[in-house]
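Trainee: Before I ask anything, let me first share the structure, which is written out below as structure tokens.
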Amino acid sequence: MTQRVQVVENILSANDRVALENRQTLDAAGVYALNFMASPGAGKTSLIEQTLRRIFGEIRIAVVDGDIATSIDANRAAAAGALAVQINTGGECHLDAVMLKNALAQIDLGGVDLLIVENVGNLICPASFQLGTHQSVLIASVPEGDDKAYKYPGMYQGVDALVINKIDLLPYVTFDMGYFRRGVEILNPGLVTFPLSCKTGEGIERWIAWLRKQVGSRKKA
Ligand SMILES: Nc1nc2c(ncn2[C@@H]2O[C@H](COP(=O)(O)OP(=O)(O)O)[C@@H](O)[C@H]2O)c(=O)[nH]1
Ligand SMILES: [Mg+2]
């Protein structure tokens, strides 16, 4: 048992070293990077598409998509106008810093203002692996249920912003927003939160305004 814990600690600290290198690479190029995490189907790729639609031509975006297989999401991001790189993890349930490092090597970072990393859909493993991104965003969605913060505290504790997607489905799904938000508040007090719908567009402008501010505060010299 002790040996296993030791091995896991070593893997995580090796990962953290590469994450630091990634951060230095991003900073040197003046790129602001976000790590999108969520369950499968919460709307990560949809939010990337909606974001691109609104800031294309204003902020230069690259997307790194992580999935266990296929390039469906990178194709969607590329179709929406992003420079997109797909990482297939071959079964791993999360991205790690080495995978991002290899993806960064394929991108001309000098031509990028914002990098969005779409992590593998999973509320557990991605929370344990730093990538070197500046901030992480959790995309929750209404049909997942209002108890997810209580059930996946590690994920909710570690993020810098929370999107609550699919609010267009609130009339059809049992989802107590007060109960959900109380769970989030206990784990991550004051967390900036964006209820929105990628389908109707409601709430997205507030998210875009936040994003513009984050990118603007790290503008290339
Ligand atoms: N009703 C509704 N459906 C959505 C919304 N956002 C995404 N979807 C749908 O949810 C499914 C999964 O979305 P996707 O972006 O692929 O999720 P991902 O797996 O997290 O990247 C797709 O069928 C989307 O059309 C939303 O705001 N409202
Ligand atoms: Mg996706």
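Following the order of the structure tokens, first chain is A, next is B, and so on, with residues numbered from 1 inside each chain and ligands from 1 in the order they appear.
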Tell me which protein, DNA and RNA residues are within 10 Å of Ile164 (chain A), counting only C-alpha atoms, leaving out same-chain ones fewer than 2 positions away, and put them as a ChimeraX atom specification.
Mentor: /A:42-43,138-142,162,166-167,177,193-197,203
Trainee: Write out as a PDB file with all heavy atoms, in the first residue's frame the residues lying within 12 Å of Asn102 (chain A), counting only C-alpha atoms and excluding same-chain residues fewer than 2 positions away.
Mentor:
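part.pdb, written as the output of this step:
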```pdb
ATOM      1  N   VAL A  18       6.620  18.880 -15.703  1.00  0.00           N
ATOM      2  CA  VAL A  18       6.352  19.169 -17.124  1.00  0.00           C
ATOM      3  C   VAL A  18       5.273  20.254 -17.235  1.00  0.00           C
ATOM      4  O   VAL A  18       5.327  21.111 -18.113  1.00  0.00           O
ATOM      5  CB  VAL A  18       5.934  17.878 -17.877  1.00  0.00           C
ATOM      6  CG1 VAL A  18       5.677  18.178 -19.349  1.00  0.00           C
ATOM      7  CG2 VAL A  18       7.018  16.827 -17.737  1.00  0.00           C
ATOM      8  N   ALA A  19       4.318  20.240 -16.306  1.00  0.00           N
ATOM      9  CA  ALA A  19       3.274  21.283 -16.313  1.00  0.00           C
ATOM     10  C   ALA A  19       3.914  22.661 -16.157  1.00  0.00           C
ATOM     11  O   ALA A  19       3.522  23.622 -16.815  1.00  0.00           O
ATOM     12  CB  ALA A  19       2.266  21.027 -15.199  1.00  0.00           C
ATOM     13  N   GLU A  21       6.932  23.480 -17.074  1.00  0.00           N
ATOM     14  CA  GLU A  21       7.572  23.792 -18.375  1.00  0.00           C
ATOM     15  C   GLU A  21       6.521  24.318 -19.366  1.00  0.00           C
ATOM     16  O   GLU A  21       6.772  25.282 -20.093  1.00  0.00           O
ATOM     17  CB  GLU A  21       8.171  22.523 -18.991  1.00  0.00           C
ATOM     18  CG  GLU A  21       9.511  22.105 -18.436  1.00  0.00           C
ATOM     19  CD  GLU A  21       9.939  20.749 -19.048  1.00  0.00           C
ATOM     20  OE1 GLU A  21       9.721  20.525 -20.263  1.00  0.00           O
ATOM     21  OE2 GLU A  21      10.444  19.938 -18.284  1.00  0.00           O
ATOM     22  N   ASN A  22       5.359  23.660 -19.384  1.00  0.00           N
ATOM     23  CA  ASN A  22       4.283  24.101 -20.297  1.00  0.00           C
ATOM     24  C   ASN A  22       3.886  25.533 -19.973  1.00  0.00           C
ATOM     25  O   ASN A  22       3.695  26.347 -20.874  1.00  0.00           O
ATOM     26  CB  ASN A  22       3.050  23.194 -20.179  1.00  0.00           C
ATOM     27  CG  ASN A  22       3.268  21.820 -20.779  1.00  0.00           C
ATOM     28  OD1 ASN A  22       4.216  21.628 -21.547  1.00  0.00           O
ATOM     29  ND2 ASN A  22       2.407  20.882 -20.435  1.00  0.00           N
ATOM     30  N   THR A  25       6.422  27.875 -21.333  1.00  0.00           N
ATOM     31  CA  THR A  25       6.294  27.974 -22.802  1.00  0.00           C
ATOM     32  C   THR A  25       5.140  28.906 -23.156  1.00  0.00           C
ATOM     33  O   THR A  25       5.265  29.777 -24.026  1.00  0.00           O
ATOM     34  CB  THR A  25       6.019  26.564 -23.393  1.00  0.00           C
ATOM     35  OG1 THR A  25       7.086  25.711 -23.003  1.00  0.00           O
ATOM     36  CG2 THR A  25       5.901  26.597 -24.904  1.00  0.00           C
ATOM     37  N   VAL A  64      -6.833  22.431 -28.078  1.00  0.00           N
ATOM     38  CA  VAL A  64      -6.262  21.092 -27.973  1.00  0.00           C
ATOM     39  C   VAL A  64      -7.351  20.201 -27.395  1.00  0.00           C
ATOM     40  O   VAL A  64      -7.867  20.461 -26.302  1.00  0.00           O
ATOM     41  CB  VAL A  64      -5.011  21.074 -27.063  1.00  0.00           C
ATOM     42  CG1 VAL A  64      -4.562  19.642 -26.805  1.00  0.00           C
ATOM     43  CG2 VAL A  64      -3.876  21.870 -27.707  1.00  0.00           C
ATOM     44  N   VAL A  85      -5.789  20.811 -32.478  1.00  0.00           N
ATOM     45  CA  VAL A  85      -4.927  19.625 -32.394  1.00  0.00           C
ATOM     46  C   VAL A  85      -5.645  18.586 -31.536  1.00  0.00           C
ATOM     47  O   VAL A  85      -6.127  18.908 -30.447  1.00  0.00           O
ATOM     48  CB  VAL A  85      -3.568  19.969 -31.734  1.00  0.00           C
ATOM     49  CG1 VAL A  85      -2.722  18.716 -31.539  1.00  0.00           C
ATOM     50  CG2 VAL A  85      -2.812  20.999 -32.561  1.00  0.00           C
ATOM     51  N   GLN A  86      -5.728  17.369 -32.042  1.00  0.00           N
ATOM     52  CA  GLN A  86      -6.383  16.296 -31.278  1.00  0.00           C
ATOM     53  C   GLN A  86      -5.328  15.435 -30.582  1.00  0.00           C
ATOM     54  O   GLN A  86      -4.313  15.096 -31.181  1.00  0.00           O
ATOM     55  CB  GLN A  86      -7.202  15.413 -32.224  1.00  0.00           C
ATOM     56  CG  GLN A  86      -7.962  14.287 -31.536  1.00  0.00           C
ATOM     57  CD  GLN A  86      -9.232  14.763 -30.840  1.00  0.00           C
ATOM     58  OE1 GLN A  86      -9.992  15.525 -31.406  1.00  0.00           O
ATOM     59  NE2 GLN A  86      -9.459  14.307 -29.618  1.00  0.00           N
ATOM     60  N   ILE A  87      -5.592  15.116 -29.335  1.00  0.00           N
ATOM     61  CA  ILE A  87      -4.753  14.132 -28.640  1.00  0.00           C
ATOM     62  C   ILE A  87      -5.636  12.927 -28.356  1.00  0.00           C
ATOM     63  O   ILE A  87      -6.688  13.083 -27.719  1.00  0.00           O
ATOM     64  CB  ILE A  87      -4.251  14.658 -27.274  1.00  0.00           C
ATOM     65  CG1 ILE A  87      -3.457  15.943 -27.421  1.00  0.00           C
ATOM     66  CG2 ILE A  87      -3.427  13.598 -26.566  1.00  0.00           C
ATOM     67  CD1 ILE A  87      -3.102  16.586 -26.080  1.00  0.00           C
ATOM     68  N   ASN A  88      -5.236  11.754 -28.812  1.00  0.00           N
ATOM     69  CA  ASN A  88      -5.949  10.534 -28.414  1.00  0.00           C
ATOM     70  C   ASN A  88      -5.157   9.882 -27.296  1.00  0.00           C
ATOM     71  O   ASN A  88      -3.978   9.553 -27.470  1.00  0.00           O
ATOM     72  CB  ASN A  88      -6.130   9.571 -29.590  1.00  0.00           C
ATOM     73  CG  ASN A  88      -7.215  10.027 -30.553  1.00  0.00           C
ATOM     74  OD1 ASN A  88      -7.071   9.913 -31.759  1.00  0.00           O
ATOM     75  ND2 ASN A  88      -8.294  10.562 -30.031  1.00  0.00           N
ATOM     76  N   LEU A  95      -6.026  14.015 -19.589  1.00  0.00           N
ATOM     77  CA  LEU A  95      -4.804  14.489 -20.241  1.00  0.00           C
ATOM     78  C   LEU A  95      -3.734  14.650 -19.168  1.00  0.00           C
ATOM     79  O   LEU A  95      -4.055  14.905 -18.015  1.00  0.00           O
ATOM     80  CB  LEU A  95      -5.048  15.837 -20.916  1.00  0.00           C
ATOM     81  CG  LEU A  95      -5.950  15.827 -22.143  1.00  0.00           C
ATOM     82  CD1 LEU A  95      -6.097  17.245 -22.683  1.00  0.00           C
ATOM     83  CD2 LEU A  95      -5.406  14.897 -23.209  1.00  0.00           C
ATOM     84  N   ASP A  96      -2.478  14.530 -19.577  1.00  0.00           N
ATOM     85  CA  ASP A  96      -1.408  14.873 -18.637  1.00  0.00           C
ATOM     86  C   ASP A  96      -0.489  15.912 -19.288  1.00  0.00           C
ATOM     87  O   ASP A  96      -0.664  16.267 -20.462  1.00  0.00           O
ATOM     88  CB  ASP A  96      -0.646  13.631 -18.150  1.00  0.00           C
ATOM     89  CG  ASP A  96       0.074  12.895 -19.264  1.00  0.00           C
ATOM     90  OD1 ASP A  96       0.530  13.541 -20.227  1.00  0.00           O
ATOM     91  OD2 ASP A  96       0.194  11.652 -19.161  1.00  0.00           O
ATOM     92  N   ALA A  97       0.457  16.401 -18.518  1.00  0.00           N
ATOM     93  CA  ALA A  97       1.282  17.521 -18.976  1.00  0.00           C
ATOM     94  C   ALA A  97       2.143  17.145 -20.179  1.00  0.00           C
ATOM     95  O   ALA A  97       2.382  17.979 -21.058  1.00  0.00           O
ATOM     96  CB  ALA A  97       2.150  18.009 -17.820  1.00  0.00           C
ATOM     97  N   VAL A  98       2.599  15.886 -20.244  1.00  0.00           N
ATOM     98  CA  VAL A  98       3.430  15.476 -21.389  1.00  0.00           C
ATOM     99  C   VAL A  98       2.586  15.490 -22.672  1.00  0.00           C
ATOM    100  O   VAL A  98       3.049  15.926 -23.732  1.00  0.00           O
ATOM    101  CB  VAL A  98       4.056  14.077 -21.147  1.00  0.00           C
ATOM    102  CG1 VAL A  98       4.741  13.559 -22.404  1.00  0.00           C
ATOM    103  CG2 VAL A  98       5.054  14.146 -19.999  1.00  0.00           C
ATOM    104  N   MET A  99       1.353  15.033 -22.572  1.00  0.00           N
ATOM    105  CA  MET A  99       0.474  15.059 -23.751  1.00  0.00           C
ATOM    106  C   MET A  99       0.281  16.492 -24.237  1.00  0.00           C
ATOM    107  O   MET A  99       0.331  16.774 -25.432  1.00  0.00           O
ATOM    108  CB  MET A  99      -0.898  14.457 -23.407  1.00  0.00           C
ATOM    109  CG  MET A  99      -0.890  12.980 -23.098  1.00  0.00           C
ATOM    110  SD  MET A  99      -2.560  12.470 -22.609  1.00  0.00           S
ATOM    111  CE  MET A  99      -2.240  10.911 -21.826  1.00  0.00           C
ATOM    112  N   LEU A 100       0.088  17.421 -23.291  1.00  0.00           N
ATOM    113  CA  LEU A 100      -0.085  18.819 -23.714  1.00  0.00           C
ATOM    114  C   LEU A 100       1.218  19.359 -24.297  1.00  0.00           C
ATOM    115  O   LEU A 100       1.194  20.083 -25.299  1.00  0.00           O
ATOM    116  CB  LEU A 100      -0.563  19.693 -22.545  1.00  0.00           C
ATOM    117  CG  LEU A 100      -0.777  21.159 -22.940  1.00  0.00           C
ATOM    118  CD1 LEU A 100      -1.833  21.288 -24.043  1.00  0.00           C
ATOM    119  CD2 LEU A 100      -1.183  22.002 -21.737  1.00  0.00           C
ATOM    120  N   LEU A 104       1.542  21.175 -27.801  1.00  0.00           N
ATOM    121  CA  LEU A 104       2.032  22.559 -27.936  1.00  0.00           C
ATOM    122  C   LEU A 104       3.127  22.647 -29.005  1.00  0.00           C
ATOM    123  O   LEU A 104       3.238  23.654 -29.706  1.00  0.00           O
ATOM    124  CB  LEU A 104       2.569  23.080 -26.591  1.00  0.00           C
ATOM    125  CG  LEU A 104       1.539  23.315 -25.489  1.00  0.00           C
ATOM    126  CD1 LEU A 104       2.222  23.835 -24.230  1.00  0.00           C
ATOM    127  CD2 LEU A 104       0.446  24.284 -25.933  1.00  0.00           C
ATOM    128  N   ALA A 105       3.909  21.569 -29.120  1.00  0.00           N
ATOM    129  CA  ALA A 105       4.998  21.565 -30.109  1.00  0.00           C
ATOM    130  C   ALA A 105       4.459  21.631 -31.540  1.00  0.00           C
ATOM    131  O   ALA A 105       5.181  21.981 -32.461  1.00  0.00           O
ATOM    132  CB  ALA A 105       5.850  20.312 -29.929  1.00  0.00           C
ATOM    133  N   GLN A 106       3.176  21.305 -31.708  1.00  0.00           N
ATOM    134  CA  GLN A 106       2.577  21.318 -33.057  1.00  0.00           C
ATOM    135  C   GLN A 106       1.906  22.651 -33.382  1.00  0.00           C
ATOM    136  O   GLN A 106       1.308  22.810 -34.440  1.00  0.00           O
ATOM    137  CB  GLN A 106       1.516  20.217 -33.164  1.00  0.00           C
ATOM    138  CG  GLN A 106       2.061  18.816 -33.005  1.00  0.00           C
ATOM    139  CD  GLN A 106       0.927  17.808 -33.068  1.00  0.00           C
ATOM    140  OE1 GLN A 106       0.107  17.828 -33.967  1.00  0.00           O
ATOM    141  NE2 GLN A 106       0.888  16.922 -32.083  1.00  0.00           N
ATOM    142  N   ILE A 107       1.946  23.608 -32.429  1.00  0.00           N
ATOM    143  CA  ILE A 107       1.213  24.864 -32.608  1.00  0.00           C
ATOM    144  C   ILE A 107       2.190  26.029 -32.680  1.00  0.00           C
ATOM    145  O   ILE A 107       3.131  26.098 -31.881  1.00  0.00           O
ATOM    146  CB  ILE A 107       0.238  25.081 -31.420  1.00  0.00           C
ATOM    147  CG1 ILE A 107      -0.759  23.929 -31.339  1.00  0.00           C
ATOM    148  CG2 ILE A 107      -0.503  26.415 -31.554  1.00  0.00           C
ATOM    149  CD1 ILE A 107      -1.636  23.965 -30.098  1.00  0.00           C
ATOM    150  N   LEU A 131      -1.778  20.664 -15.945  1.00  0.00           N
ATOM    151  CA  LEU A 131      -1.300  20.676 -17.330  1.00  0.00           C
ATOM    152  C   LEU A 131      -0.357  21.846 -17.592  1.00  0.00           C
ATOM    153  O   LEU A 131       0.395  21.825 -18.569  1.00  0.00           O
ATOM    154  CB  LEU A 131      -2.498  20.771 -18.292  1.00  0.00           C
ATOM    155  CG  LEU A 131      -3.536  19.648 -18.195  1.00  0.00           C
ATOM    156  CD1 LEU A 131      -4.667  19.900 -19.191  1.00  0.00           C
ATOM    157  CD2 LEU A 131      -2.891  18.293 -18.441  1.00  0.00           C
TER     158      LEU A 131
END
```
Trainee: Quick one: residues within 8 Å of Val215 (chain A), only C-alpha atoms, excluding same-chain residues fewer than 5 positions away - as a list in words?
Mentor: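 Counting only C-alpha atoms, the residues come to Tyr32, Asp113 and Leu114 of chain A.
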Trainee: For chain A versus ligand 2, which residues have an atom no more than 7 Å away, and what is each residue's nearest atom pair and distance in Å rounded to one decimal, using only C-alpha atoms and all ligand atoms, chain-then-number order, as JSON lines?
Mentor:
```
{"residue": "A:Gly41", "atom": "CA", "partner": "ligand 2", "partner_atom_place_in_ligand_line": "1 (Mg)", "distance": 6.7}
{"residue": "A:Gly43", "atom": "CA", "partner": "ligand 2", "partner_atom_place_in_ligand_line": "1 (Mg)", "distance": 6.7}
{"residue": "A:Lys44", "atom": "CA", "partner": "ligand 2", "partner_atom_place_in_ligand_line": "1 (Mg)", "distance": 5.2}
{"residue": "A:Thr45", "atom": "CA", "partner": "ligand 2", "partner_atom_place_in_ligand_line": "1 (Mg)", "distance": 4.2}
{"residue": "A:Asp73", "atom": "CA", "partner": "ligand 2", "partner_atom_place_in_ligand_line": "1 (Mg)", "distance": 5.2}
{"residue": "A:Glu118", "atom": "CA", "partner": "ligand 2", "partner_atom_place_in_ligand_line": "1 (Mg)", "distance": 7.0}
```
Trainee: Let's have the selection written as a compact mmCIF listing (two decimals), in the first residue's frame, with N, CA and C atoms.
Mentor:
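out26.txt, freshly written:
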```txt
# COMPACT_ATOMS: atom_id res chain seq x y z
N GLY A 41 -20.39 14.92 -22.56
CA GLY A 41 -21.69 15.42 -22.99
C GLY A 41 -22.18 16.67 -22.29
N GLY A 43 -21.06 19.65 -22.62
CA GLY A 43 -21.10 20.77 -23.56
C GLY A 43 -19.78 21.49 -23.73
N LYS A 44 -18.66 20.80 -23.48
CA LYS A 44 -17.33 21.44 -23.64
C LYS A 44 -17.13 21.90 -25.09
N THR A 45 -17.34 20.98 -26.03
CA THR A 45 -17.11 21.34 -27.43
C THR A 45 -18.13 22.38 -27.89
N ASP A 73 -14.01 15.94 -31.99
CA ASP A 73 -14.07 17.26 -31.35
C ASP A 73 -13.10 18.25 -32.00
N GLU A 118 -9.51 21.06 -24.20
CA GLU A 118 -10.70 20.29 -23.84
C GLU A 118 -10.23 18.95 -23.29
```
Trainee: Can you list, as a VMD selection string, every protein, DNA or RNA residue that comes within 7 Å of Ile208 (chain A) when you count only C-alpha atoms, leaving out same-chain residues fewer than 4 positions away?
Mentor: chain A and resid 51 204 212
Trainee: Within 8 Å of Asp67 (chain A), counting only C-alpha atoms, which residues show up once you throw out same-chain ones fewer than 2 positions away? Write them as number ranges by chain, please.
Mentor: A: 65, 69-71, 86-89, 119-121
Trainee: So that I can check the secondary structure, give me every residue of region 5-221 of chain A assigned strand (DSSP E or B) by backbone DSSP, as an NGL selection string.
Mentor: :A and (32-38 or 61-67 or 83-88 or 114-118 or 135-141 or 161-165 or 192-195)
Trainee: For C-alpha atoms, I'd like the residues from the last selection saved as a CSV table (one decimal), in the first residue's frame.
Mentor:
```csv
chain,number,residue,atom,x,y,z
A,32,TYR,CA,-3.4,32.5,-21.9
A,33,ALA,CA,-4.6,28.9,-21.5
A,34,LEU,CA,-7.7,27.4,-20.0
A,35,ASN,CA,-8.3,23.7,-19.1
A,36,PHE,CA,-12.0,22.8,-19.8
A,37,MET,CA,-13.1,19.9,-17.7
A,38,ALA,CA,-16.6,18.2,-17.5
A,61,ILE,CA,-7.7,30.8,-30.5
A,62,ALA,CA,-6.1,27.4,-30.6
A,63,VAL,CA,-7.8,24.3,-29.2
A,64,VAL,CA,-6.3,21.1,-28.0
A,65,ASP,CA,-8.8,18.3,-27.7
A,66,GLY,CA,-8.3,15.3,-25.6
A,67,ASP,CA,-10.3,12.1,-26.1
A,83,LEU,CA,-6.4,25.9,-35.0
A,84,ALA,CA,-7.1,22.5,-33.5
A,85,VAL,CA,-4.9,19.6,-32.4
A,86,GLN,CA,-6.4,16.3,-31.3
A,87,ILE,CA,-4.8,14.1,-28.6
A,88,ASN,CA,-5.9,10.5,-28.4
A,114,LEU,CA,-6.0,32.0,-26.2
A,115,LEU,CA,-5.5,28.2,-25.9
A,116,ILE,CA,-8.4,26.1,-24.8
A,117,VAL,CA,-7.7,22.6,-23.7
A,118,GLU,CA,-10.7,20.3,-23.8
A,135,GLN,CA,-6.9,28.5,-15.1
A,136,SER,CA,-9.4,25.7,-15.3
A,137,VAL,CA,-13.1,25.9,-16.1
A,138,LEU,CA,-15.6,23.2,-15.1
A,139,ILE,CA,-18.6,22.9,-17.3
A,140,ALA,CA,-21.5,21.4,-15.4
A,141,SER,CA,-24.9,20.8,-17.1
A,161,ALA,CA,-14.7,29.2,-12.9
A,162,LEU,CA,-17.9,27.2,-13.3
A,163,VAL,CA,-20.2,27.1,-16.3
A,164,ILE,CA,-23.7,25.7,-15.7
A,165,ASN,CA,-24.7,24.7,-19.2
A,192,VAL,CA,-17.3,32.8,-10.5
A,193,THR,CA,-20.3,31.0,-12.1
A,194,PHE,CA,-21.9,31.3,-15.6
A,195,PRO,CA,-25.3,29.8,-16.0
```
